[in-house]
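K.L.:
My structure is stored as upload-v7.txt, with compact mmCIF, C-alpha atoms.
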# COMPACT_ATOMS: atom_id res chain seq x y z
CA MET A 1 18.43 -24.41 2.09
CA ALA A 2 20.95 -23.77 -0.64
CA ASN A 3 23.29 -20.78 -0.88
CA GLU A 4 22.49 -19.40 2.54
CA GLU A 5 24.25 -17.05 4.90
CA LYS A 6 24.73 -18.21 8.47
CA LEU A 7 21.21 -18.02 9.81
CA PRO A 8 19.85 -18.01 13.34
CA LYS A 9 17.30 -20.62 14.36
CA THR A 10 14.94 -18.07 15.90
CA MET A 11 13.94 -14.48 15.29
CA ARG A 12 11.78 -11.73 16.74
CA ALA A 13 8.36 -10.95 15.32
CA ALA A 14 5.23 -8.94 16.06
CA VAL A 15 2.65 -11.72 16.38
CA TYR A 16 -1.09 -11.09 16.10
CA ARG A 17 -2.79 -13.12 18.83
CA GLY A 18 -6.33 -11.76 18.64
CA VAL A 19 -8.33 -8.56 18.35
CA ASP A 20 -6.12 -5.62 19.36
CA ASP A 21 -3.52 -8.06 20.64
CA VAL A 22 -0.07 -7.96 19.02
CA ARG A 23 2.92 -9.27 20.96
CA ILE A 24 6.65 -9.21 20.32
CA GLU A 25 7.71 -12.84 20.47
CA THR A 26 10.56 -15.16 19.57
CA VAL A 27 9.55 -17.53 16.75
CA PRO A 28 11.42 -19.91 14.43
CA VAL A 29 13.09 -18.52 11.34
CA PRO A 30 10.97 -19.83 8.42
CA GLU A 31 12.32 -22.78 6.48
CA ILE A 32 12.25 -22.55 2.69
CA GLY A 33 11.82 -25.23 0.06
CA ALA A 34 12.70 -25.65 -3.58
CA GLY A 35 12.06 -22.54 -5.64
CA GLU A 36 11.69 -20.37 -2.55
CA VAL A 37 13.72 -17.51 -1.08
CA LEU A 38 14.33 -16.29 2.47
CA VAL A 39 14.49 -12.50 2.82
CA LYS A 40 15.90 -10.57 5.77
CA ILE A 41 13.58 -7.59 6.26
CA HIS A 42 15.01 -4.10 6.40
CA THR A 43 11.86 -1.95 6.14
CA CYS A 44 8.15 -2.78 6.29
CA GLY A 45 5.44 -0.15 6.16
CA ILE A 46 2.33 -0.38 8.31
CA CYS A 47 -0.69 -0.44 5.99
CA GLY A 48 -4.29 0.37 6.80
CA THR A 49 -5.30 -3.14 5.81
CA ASP A 50 -2.93 -4.55 8.45
CA LEU A 51 -4.60 -2.34 11.02
CA LYS A 52 -8.10 -3.36 9.93
CA LYS A 53 -7.21 -7.04 10.41
CA ILE A 54 -5.69 -6.39 13.83
CA HIS A 55 -8.61 -4.34 15.12
CA THR A 56 -11.56 -6.26 13.67
CA GLY A 57 -10.43 -9.85 14.09
CA SER A 58 -11.26 -10.57 10.46
CA HIS A 59 -8.40 -13.10 10.34
CA THR A 60 -7.69 -16.04 12.62
CA ALA A 61 -4.75 -15.89 15.00
CA PRO A 62 -1.85 -16.34 15.27
CA ARG A 63 -0.43 -14.50 12.26
CA ILE A 64 2.40 -12.13 11.40
CA PHE A 65 1.20 -9.25 9.26
CA GLY A 66 3.13 -6.70 7.17
CA HIS A 67 3.42 -6.61 3.38
CA GLU A 68 5.03 -3.31 2.29
CA MET A 69 8.49 -4.79 2.62
CA ALA A 70 12.02 -4.69 1.33
CA GLY A 71 15.20 -6.39 2.42
CA THR A 72 18.08 -8.68 1.48
CA VAL A 73 18.09 -12.28 0.24
CA ALA A 74 19.43 -14.46 3.08
CA ALA A 75 18.97 -17.89 1.46
CA VAL A 76 17.72 -19.42 -1.79
CA GLY A 77 16.13 -22.80 -2.31
CA ALA A 78 17.05 -25.43 -4.88
CA GLY A 79 16.29 -24.40 -8.43
CA VAL A 80 16.36 -20.65 -7.84
CA ALA A 81 18.55 -19.18 -10.57
CA ASP A 82 17.63 -15.51 -10.72
CA PHE A 83 18.45 -14.54 -7.14
CA LYS A 84 21.43 -15.01 -4.85
CA VAL A 85 22.31 -14.30 -1.24
CA GLY A 86 22.93 -10.60 -0.78
CA ASP A 87 20.54 -9.40 -3.48
CA ARG A 88 18.47 -6.40 -2.39
CA VAL A 89 14.79 -7.13 -3.10
CA MET A 90 11.17 -6.24 -2.45
CA ALA A 91 8.44 -8.85 -2.49
CA PHE A 92 4.82 -8.62 -3.54
CA HIS A 93 2.73 -10.82 -1.27
CA HIS A 94 0.02 -11.39 -3.90
CA ILE A 95 0.63 -12.46 -7.50
CA PRO A 96 -2.13 -13.73 -9.84
CA CYS A 97 -2.09 -16.89 -11.92
CA GLY A 98 -2.32 -14.97 -15.19
CA ALA A 99 -4.61 -17.49 -16.87
CA CYS A 100 -8.03 -17.58 -15.15
CA TYR A 101 -11.16 -15.68 -16.19
CA TYR A 102 -10.41 -12.76 -13.85
CA CYS A 103 -6.81 -12.50 -15.01
CA ARG A 104 -7.96 -12.46 -18.64
CA LYS A 105 -10.21 -9.54 -17.69
CA GLN A 106 -7.29 -7.94 -15.79
CA THR A 107 -9.31 -8.00 -12.56
CA PHE A 108 -6.35 -9.59 -10.83
CA ALA A 109 -7.45 -9.04 -7.23
CA GLN A 110 -10.35 -11.44 -7.82
CA CYS A 111 -8.07 -14.29 -9.01
CA GLU A 112 -8.06 -17.23 -6.57
CA THR A 113 -4.27 -17.53 -6.81
CA TYR A 114 -3.93 -13.81 -6.16
CA LYS A 115 -6.00 -14.17 -2.99
CA LYS A 116 -3.45 -16.66 -1.63
CA VAL A 117 -0.70 -14.95 0.36
CA GLY A 118 2.72 -15.97 -0.91
CA CYS A 119 4.94 -14.57 1.86
CA THR A 120 5.08 -15.63 5.49
CA ALA A 121 7.12 -15.30 8.66
CA GLY A 122 5.35 -18.29 10.16
CA PHE A 123 1.83 -19.41 11.06
CA GLU A 124 -0.89 -18.83 8.44
CA PRO A 125 0.67 -16.78 5.61
CA ALA A 126 -0.12 -13.08 6.13
CA GLY A 127 2.81 -11.18 4.60
CA GLY A 128 5.22 -11.49 7.50
CA GLY A 129 7.02 -8.16 7.18
CA PHE A 130 6.66 -7.46 10.90
CA ALA A 131 9.47 -9.94 11.53
CA GLU A 132 13.17 -10.34 10.88
CA TYR A 133 12.82 -12.87 8.05
CA ILE A 134 10.14 -13.91 5.58
CA ARG A 135 9.74 -16.96 3.38
CA VAL A 136 8.86 -16.02 -0.21
CA MET A 137 7.02 -18.84 -1.96
CA ASP A 138 7.84 -20.11 -5.43
CA TRP A 139 5.16 -18.35 -7.50
CA ILE A 140 6.09 -15.04 -5.89
CA VAL A 141 9.80 -15.67 -6.56
CA LYS A 142 8.99 -16.25 -10.23
CA ARG A 143 6.81 -13.20 -10.81
CA GLY A 144 6.75 -10.98 -7.73
CA LEU A 145 10.27 -10.67 -6.31
CA VAL A 146 11.93 -7.50 -7.55
CA LYS A 147 15.63 -6.59 -7.41
CA ILE A 148 16.40 -3.15 -6.00
CA PRO A 149 19.13 -1.04 -7.65
CA ASP A 150 22.06 -0.19 -5.40
CA ASP A 151 21.28 3.54 -5.50
CA VAL A 152 17.68 3.12 -4.30
CA PRO A 153 17.23 2.79 -0.51
CA PHE A 154 15.10 0.08 1.04
CA GLU A 155 12.76 2.76 2.38
CA GLN A 156 11.92 3.81 -1.18
CA ALA A 157 11.59 0.25 -2.47
CA ALA A 158 9.11 -0.62 0.28
CA TRP A 159 6.66 1.71 -1.49
CA ILE A 160 6.44 -0.42 -4.64
CA GLU A 161 3.32 -2.36 -3.63
CA PRO A 162 1.31 0.63 -2.32
CA VAL A 163 2.36 2.74 -5.31
CA ASN A 164 1.09 -0.01 -7.62
CA THR A 165 -2.30 0.02 -5.90
CA CYS A 166 -2.60 3.79 -6.25
CA PHE A 167 -1.30 3.80 -9.81
CA LYS A 168 -3.90 1.17 -10.71
CA ALA A 169 -6.72 3.38 -9.41
CA VAL A 170 -5.47 6.45 -11.26
CA LYS A 171 -5.10 4.50 -14.51
CA LEU A 172 -8.67 3.16 -14.18
CA LEU A 173 -9.90 6.76 -14.07
CA ALA A 174 -8.24 7.58 -17.43
CA LEU A 175 -7.72 11.20 -16.40
CA LYS A 176 -7.38 13.96 -18.97
CA PRO A 177 -5.26 17.12 -18.59
CA ASP A 178 -8.36 19.35 -18.65
CA GLU A 179 -10.00 17.56 -15.71
CA THR A 180 -10.26 18.53 -12.08
CA VAL A 181 -9.73 15.91 -9.36
CA LEU A 182 -10.63 16.03 -5.68
CA VAL A 183 -8.68 13.69 -3.40
CA ILE A 184 -10.33 13.29 0.02
CA GLY A 185 -7.74 12.44 2.66
CA GLN A 186 -4.07 13.37 2.70
CA GLY A 187 -2.47 10.58 4.59
CA PRO A 188 0.39 8.90 2.73
CA ILE A 189 -1.98 7.00 0.41
CA GLY A 190 -4.03 10.11 -0.32
CA ILE A 191 -0.87 12.03 -1.18
CA LEU A 192 0.26 9.19 -3.45
CA LEU A 193 -3.09 9.17 -5.25
CA ALA A 194 -3.04 12.95 -5.61
CA ALA A 195 0.56 13.08 -6.83
CA LEU A 196 -0.04 10.35 -9.41
CA ALA A 197 -3.23 12.08 -10.57
CA ALA A 198 -1.32 15.34 -10.96
CA ARG A 199 1.22 13.62 -13.20
CA THR A 200 -1.53 13.22 -15.81
CA GLY A 201 -1.79 17.01 -16.10
CA ALA A 202 -5.11 17.17 -14.26
CA THR A 203 -5.72 19.89 -11.66
CA VAL A 204 -5.79 18.24 -8.24
CA PHE A 205 -7.48 19.56 -5.12
CA THR A 206 -6.61 17.87 -1.83
CA SER A 207 -8.85 17.76 1.22
CA ASP A 208 -7.75 17.04 4.79
CA ASN A 209 -8.34 18.25 8.35
CA TYR A 210 -4.66 18.81 9.10
CA PRO A 211 -2.61 21.74 7.71
CA GLU A 212 0.50 19.69 8.54
CA ARG A 213 -0.53 17.09 5.96
CA HIS A 214 -1.13 19.72 3.33
CA ALA A 215 2.41 20.94 3.98
CA VAL A 216 3.73 17.45 3.20
CA ALA A 217 1.53 17.25 0.10
CA ALA A 218 2.99 20.54 -1.14
CA ARG A 219 6.42 18.87 -1.25
CA PHE A 220 4.96 16.60 -3.95
CA GLY A 221 3.72 19.50 -6.06
CA LEU A 222 0.14 19.53 -4.75
CA LYS A 223 -0.84 23.19 -4.71
CA HIS A 224 -4.60 23.28 -4.12
CA PRO A 225 -5.34 22.37 -0.47
CA LEU A 226 -8.89 22.41 0.91
CA ASP A 227 -9.74 22.39 4.61
CA ALA A 228 -11.96 19.35 5.12
CA ARG A 229 -13.59 21.13 8.05
CA GLY A 230 -15.01 23.66 5.59
CA ASP A 231 -17.39 23.29 2.63
CA VAL A 232 -15.38 21.11 0.25
CA VAL A 233 -18.30 20.71 -2.15
CA ALA A 234 -18.73 24.46 -2.51
CA ALA A 235 -14.98 24.92 -3.00
CA CYS A 236 -14.94 22.37 -5.82
CA LYS A 237 -17.87 24.04 -7.54
CA ALA A 238 -16.37 27.49 -7.14
CA ALA A 239 -13.20 26.29 -8.87
CA THR A 240 -15.07 24.70 -11.80
CA GLU A 241 -17.60 27.33 -12.92
CA GLY A 242 -20.22 25.74 -10.71
CA ARG A 243 -20.00 22.24 -12.23
CA GLY A 244 -18.08 20.31 -9.62
CA ALA A 245 -14.95 18.19 -9.98
CA ASP A 246 -14.67 15.68 -12.79
CA VAL A 247 -13.38 13.04 -10.38
CA ALA A 248 -13.34 12.46 -6.63
CA LEU A 249 -10.94 9.94 -5.11
CA VAL A 250 -11.91 8.81 -1.61
CA ALA A 251 -8.70 7.89 0.23
CA VAL A 252 -10.22 7.41 3.68
CA GLY A 253 -12.36 4.52 4.86
CA VAL A 254 -15.16 6.70 6.23
CA ASP A 255 -18.52 5.95 4.67
CA ALA A 256 -19.89 9.42 5.43
CA VAL A 257 -17.52 11.08 2.97
CA ILE A 258 -18.91 9.06 0.05
CA LYS A 259 -21.82 11.50 -0.04
CA THR A 260 -19.37 14.40 0.01
CA ALA A 261 -17.56 12.90 -2.95
CA MET A 262 -20.79 12.29 -4.88
CA ASP A 263 -21.95 15.85 -4.22
CA ALA A 264 -18.57 17.30 -5.19
CA VAL A 265 -18.43 15.82 -8.71
CA ARG A 266 -20.23 17.21 -11.74
CA PRO A 267 -22.96 15.41 -13.68
CA GLY A 268 -21.19 12.65 -15.58
CA GLY A 269 -18.33 12.67 -13.09
CA ARG A 270 -16.63 9.69 -11.43
CA VAL A 271 -16.20 8.78 -7.78
CA MET A 272 -13.48 6.26 -6.94
CA LEU A 273 -13.60 4.44 -3.60
CA PHE A 274 -10.07 3.41 -2.63
CA ALA A 275 -10.18 2.76 1.11
CA SER A 276 -13.65 1.26 1.64
CA THR A 277 -12.44 -2.20 2.58
CA GLN A 278 -14.92 -3.00 5.34
CA HIS A 279 -18.36 -4.35 4.54
CA GLY A 280 -21.30 -2.23 5.59
CA GLU A 281 -24.00 0.03 4.19
CA ALA A 282 -23.42 3.54 2.90
CA PRO A 283 -26.38 5.55 1.60
CA PHE A 284 -26.13 7.45 -1.65
CA ASP A 285 -28.63 9.08 -3.96
CA PRO A 286 -29.44 6.59 -6.75
CA ALA A 287 -30.76 9.41 -8.93
CA ALA A 288 -27.28 10.93 -8.86
CA VAL A 289 -26.05 7.78 -10.59
CA CYS A 290 -29.00 7.45 -12.95
CA MET A 291 -30.20 10.95 -13.83
CA ASP A 292 -26.94 12.81 -13.17
CA GLU A 293 -24.96 9.97 -14.78
CA LYS A 294 -22.36 9.91 -12.04
CA THR A 295 -20.20 6.78 -11.86
CA LEU A 296 -19.43 5.16 -8.49
CA MET A 297 -16.48 2.80 -8.83
CA GLY A 298 -13.80 1.08 -6.80
CA SER A 299 -10.21 -0.07 -7.01
CA TYR A 300 -8.55 -2.60 -4.72
CA SER A 301 -5.04 -3.98 -4.38
CA ALA A 302 -2.32 -4.21 -7.04
CA SER A 303 -2.32 -4.91 -10.76
CA ALA A 304 0.13 -7.29 -12.41
CA ALA A 305 -0.49 -5.49 -15.71
CA ILE A 306 1.34 -2.38 -14.48
CA GLN A 307 3.90 -4.07 -12.24
CA ASP A 308 6.97 -3.17 -14.30
CA GLU A 309 5.74 0.37 -14.90
CA GLY A 310 5.06 0.87 -11.21
CA VAL A 311 8.47 -0.49 -10.22
CA GLU A 312 10.20 1.87 -12.63
CA LEU A 313 8.12 4.77 -11.31
CA VAL A 314 9.41 4.13 -7.79
CA PHE A 315 13.02 3.53 -8.79
CA SER A 316 13.36 6.40 -11.27
CA GLY A 317 11.24 8.60 -9.03
CA TYR A 318 13.78 8.43 -6.25
CA ARG A 319 16.30 9.96 -8.62
CA ASN A 320 13.87 12.46 -10.15
CA GLY A 321 11.77 14.25 -7.57
CA PHE A 322 9.49 11.43 -6.37
CA ASP A 323 11.33 10.60 -3.16
CA LEU A 324 8.74 8.67 -1.17
CA THR A 325 10.97 8.40 1.88
CA LYS A 326 9.75 11.95 2.60
CA LEU A 327 6.37 10.44 3.44
CA ILE A 328 7.86 8.43 6.31
CA SER A 329 7.28 10.27 9.57
CA HIS A 330 8.13 7.58 12.14
CA ARG A 331 10.49 4.60 12.20
CA PHE A 332 10.18 1.91 14.87
CA SER A 333 12.43 -1.00 15.72
CA LEU A 334 10.84 -4.43 15.79
CA GLU A 335 10.92 -4.41 19.58
CA ASP A 336 8.82 -1.24 19.49
CA ALA A 337 6.51 -2.44 16.69
CA VAL A 338 3.44 -2.41 18.93
CA LYS A 339 4.02 1.29 19.59
CA GLY A 340 4.22 1.85 15.84
CA ILE A 341 0.96 -0.03 15.27
CA GLU A 342 -0.69 2.02 18.01
CA LEU A 343 0.42 5.31 16.44
CA ALA A 344 -0.66 4.17 12.96
CA SER A 345 -4.05 3.22 14.42
CA HIS A 346 -4.52 6.67 15.95
CA PRO A 347 -2.86 9.09 13.51
CA VAL A 348 -2.08 12.62 14.59
CA ALA A 349 -1.31 15.76 12.64
CA ASP A 350 2.38 15.02 12.15
CA SER A 351 2.14 11.26 11.53
CA MET A 352 2.31 9.97 7.97
CA LYS A 353 3.73 6.62 6.90
CA ILE A 354 5.01 4.59 9.82
CA VAL A 355 7.53 1.84 9.19
CA ILE A 356 9.04 -1.01 11.16
CA GLN A 357 12.73 -1.68 10.62
CA PRO A 358 13.93 -4.96 12.18
CA CYS A 359 17.48 -4.32 10.98
CA CYS A 360 17.52 -0.54 11.29
CA ALA A 361 20.53 -0.47 13.60
CA GLN A 362 22.62 -2.00 10.83
CA GLY A 363 21.68 0.75 8.35
CA GLU A 364 21.54 0.37 4.61
Kindly transcribe the structure held in the file into structure tokens.
P.N.:
Amino acid sequence: MANEEKLPKTMRAAVYRGVDDVRIETVPVPEIGAGEVLVKIHTCGICGTDLKKIHTGSHTAPRIFGHEMAGTVAAVGAGVADFKVGDRVMAFHHIPCGACYYCRKQTFAQCETYKKVGCTAGFEPAGGGFAEYIRVMDWIVKRGLVKIPDDVPFEQAAWIEPVNTCFKAVKLLALKPDETVLVIGQGPIGILLAALAARTGATVFTSDNYPERHAVAARFGLKHPLDARGDVVAACKAATEGRGADVALVAVGVDAVIKTAMDAVRPGGRVMLFASTQHGEAPFDPAAVCMDEKTLMGSYSASAAIQDEGVELVFSGYRNGFDLTKLISHRFSLEDAVKGIELASHPVADSMKIVIQPCCAQGE
């Protein structure tokens, strides 16, 4: 490695060993090659996709998950000119090639290069943010490693990747100021989707079982809460002269609520599935799509086309009323990462975004 701080040979990591089996272990610090960068992790959010992999066994073991991450450059490989030791950075774990058929159509998540994971803490690349250090591979360094301004905390910067995914979905909907949007689910991702939708000028209704989550949503300017235990469809129609919402965004991975979303939107309305990442079968009325001209659509992962815009949204937002650190409810050390994963897997009324901070004792 070139231009490196004094590095340990080993580190601690939360290692996935099989279904529902994550262990805190000592593993080697990753070695980097030419064009690569080693990053010391400060903050890594626990994402629903991490949890799905842990609980379903969809990925082979061992692996180290975690991809909503920010930290400090600890070493740079030969040929790296744009980054130096000490730089504060966040890393995307997926970056597309930019040239294939899917990239030309801006369907980046279907690009074969995009599907390759470009960050690892060891074993098969899987993000690696649930560890002290990650190796960032060369194509990510070139197009997916982002410098963090000194006045933006790591906890805010760790939101860049999830904000991009939500921003992508909202942009695909092409919302208009005279439209009404229903967002089903007010976990941290649901609140992000709702807040970004509200920035278009649309009227946004939010649905969740927990009043505590609506209270958090209100801090982001979301003023139209609906109790998901009540009749959400009737509430949407009552607010729209009987038509129904123009758009429904489904921010929970529960197939049963797809019908709720379809029923809640007006003829000609759009339903966006955002969290339906597990294969299965979900019934819906085909006549609602055909005769009522309702559109059922999906959005998955990040978009390179809006990467700079999304980064600026997070950085400027911290200074201007979009402080995403307010969505963090629990912070766990790496040694307690399994407890954090357990809480994220079984959310309660007062749990929102849960983060792991390997270096939290050292502060910002």
K.L.:
Go through A:Phe83, A:Val152, A:Asn209, A:Thr165 and flag the residue nearest Ser316 in chain A, using all atoms listed in the file for the distances.
P.N.:
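Closest residue, counting all atoms listed in the file: A:Val152.
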K.L.:
Give me the residues near range 345-355 of chain A as a VMD selection string, where near means some atom within 10 Å (using all atoms listed in the file) and where sequence neighbours in that chain fewer than 5 positions away do not count.
P.N.:
chain A and resid 42 to 48 50 to 52 54 to 55 66 68 to 69 130 155 158 186 to 189 191 209 to 213 216 324 to 334 337 339 to 340
K.L.:
Show which residues sit within 8 Å of Ile95 in chain A, as a PyMOL selection string. Count all atoms listed in the file, and ignore same-chain residues fewer than 2 positions away.
P.N.:
chain A and resi 92-93+97+113-114+118+139-140+143-144+304
K.L.:
Using only C-alpha atoms, which of the listed residues (A:Ile341, A:Ala197, A:Val73, A:Ala264) sits closest to Tyr16 in chain A?
P.N.:
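Ranking A:Ile341, A:Ala197, A:Val73, A:Ala264 by distance to Tyr16 in chain A, first place goes to A:Ile341.
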K.L.:
Between CA of Ala234 in chain A and CA of Lys168 in chain A, what is the distance, to one decimal in Å?
P.N.:
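A separation of 28.8 Å between them.
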K.L.:
Considering all atoms listed in the file, state which residue in the set A:Ser58, A:Ser276, A:Thr295, A:Val311 is at the smallest distance from Met90 in chain A.
P.N.:
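Comparing A:Ser58, A:Ser276, A:Thr295, A:Val311 against Met90 in chain A, the winner is A:Val311.
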K.L.:
Would you mind listing what lies within 12 Å of Glu112 in chain A as a list in words, with all atoms listed in the file counted and same-chain residues fewer than 4 positions away left out?
P.N.:
His94, Ile95, Pro96, Cys97, Gly98, Ala99, Cys100, Tyr101, Tyr102, Cys103, Thr107, Phe108, Lys116 and Val117 of chain A
K.L.:
Okay, now the selection with C-alpha atoms, as a PDB file, in the frame of the given file?
P.N.:
ATOM      1  CA  HIS A  94       0.020 -11.390  -3.900  1.00  0.00           C
ATOM      2  CA  ILE A  95       0.630 -12.460  -7.500  1.00  0.00           C
ATOM      3  CA  PRO A  96      -2.130 -13.730  -9.840  1.00  0.00           C
ATOM      4  CA  CYS A  97      -2.090 -16.890 -11.920  1.00  0.00           C
ATOM      5  CA  GLY A  98      -2.320 -14.970 -15.190  1.00  0.00           C
ATOM      6  CA  ALA A  99      -4.610 -17.490 -16.870  1.00  0.00           C
ATOM      7  CA  CYS A 100      -8.030 -17.580 -15.150  1.00  0.00           C
ATOM      8  CA  TYR A 101     -11.160 -15.680 -16.190  1.00  0.00           C
ATOM      9  CA  TYR A 102     -10.410 -12.760 -13.850  1.00  0.00           C
ATOM     10  CA  CYS A 103      -6.810 -12.500 -15.010  1.00  0.00           C
ATOM     11  CA  THR A 107      -9.310  -8.000 -12.560  1.00  0.00           C
ATOM     12  CA  PHE A 108      -6.350  -9.590 -10.830  1.00  0.00           C
ATOM     13  CA  LYS A 116      -3.450 -16.660  -1.630  1.00  0.00           C
ATOM     14  CA  VAL A 117      -0.700 -14.950   0.360  1.00  0.00           C
TER      15      VAL A 117
END
K.L.:
I need the residue nearest Asp285 in chain A from this list: A:Ala109, A:Met262, A:Ala256, A:Val39. Use all atoms listed in the file for the distance.
P.N.:
A:Met262
K.L.:
Could you give me, as a VMD selection string, the residues within 10 Å of Asp336 in chain A, counting only C-alpha atoms and dropping anything in the same chain fewer than 5 positions from it?
P.N.:
chain A and resid 14 24 331 341 356 to 358
K.L.:
Could you tell me which of A:Gly18, A:Gly35, A:Pro30, A:Gly128 comes closest to Thr60 in chain A if we count only C-alpha atoms?
P.N.:
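Closest residue, counting only C-alpha atoms: A:Gly18.
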K.L.:
Just to confirm, what's the straight-line distance from CA of Ile258 in chain A to CA of Leu172 in chain A in Å (one decimal)?
P.N.:
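CA of Leu172 in chain A lies 18.5 Å from CA of Ile258 in chain A.
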K.L.:
Of the candidates A:Ala131, A:Leu192, A:Ala81, A:Ala215, which shows the shortest atom-to-atom distance to Phe322 in chain A, using all atoms listed in the file?
P.N.:
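Nearest to Phe322 in chain A: A:Leu192.
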K.L.:
Go ahead and find all residues with at least one atom no further than 7 Å from (16.9, -6.9, -2.8) in the file's coordinates, using all atoms listed in the file; report them as a PyMOL selection string.
P.N.:
chain A and resi 70-73+87-90+146-148
K.L.:
Determine, counting only C-alpha atoms, which protein, DNA and RNA residues have an atom within 12 Å of an atom of Phe274 in chain A; residues of the same chain fewer than 4 positions away are not included. Present the result as a PyMOL selection string.
P.N.:
chain A and resi 48-49+162+165-170+172-173+183-185+189-190+192-193+248-255+258+278+296-302
K.L.:
Please measure the separation of CA of Asp292 in chain A and CA of Gly268 in chain A, giving the value in Å to one decimal.
P.N.:
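These two atoms are separated by 6.2 Å.
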K.L.:
Around all the atoms of range 83-96 of chain A listed in the file, draw an axis-aligned box and extend it by 6 Å on each of the six sides; I want its centre and edge lengths in Å to one decimal, as lines of an AutoDock Vina configuration file.
P.N.:
center_x = 10.4
center_y = -10.6
center_z = -5.3
size_x = 37.1
size_y = 20.8
size_z = 21.1
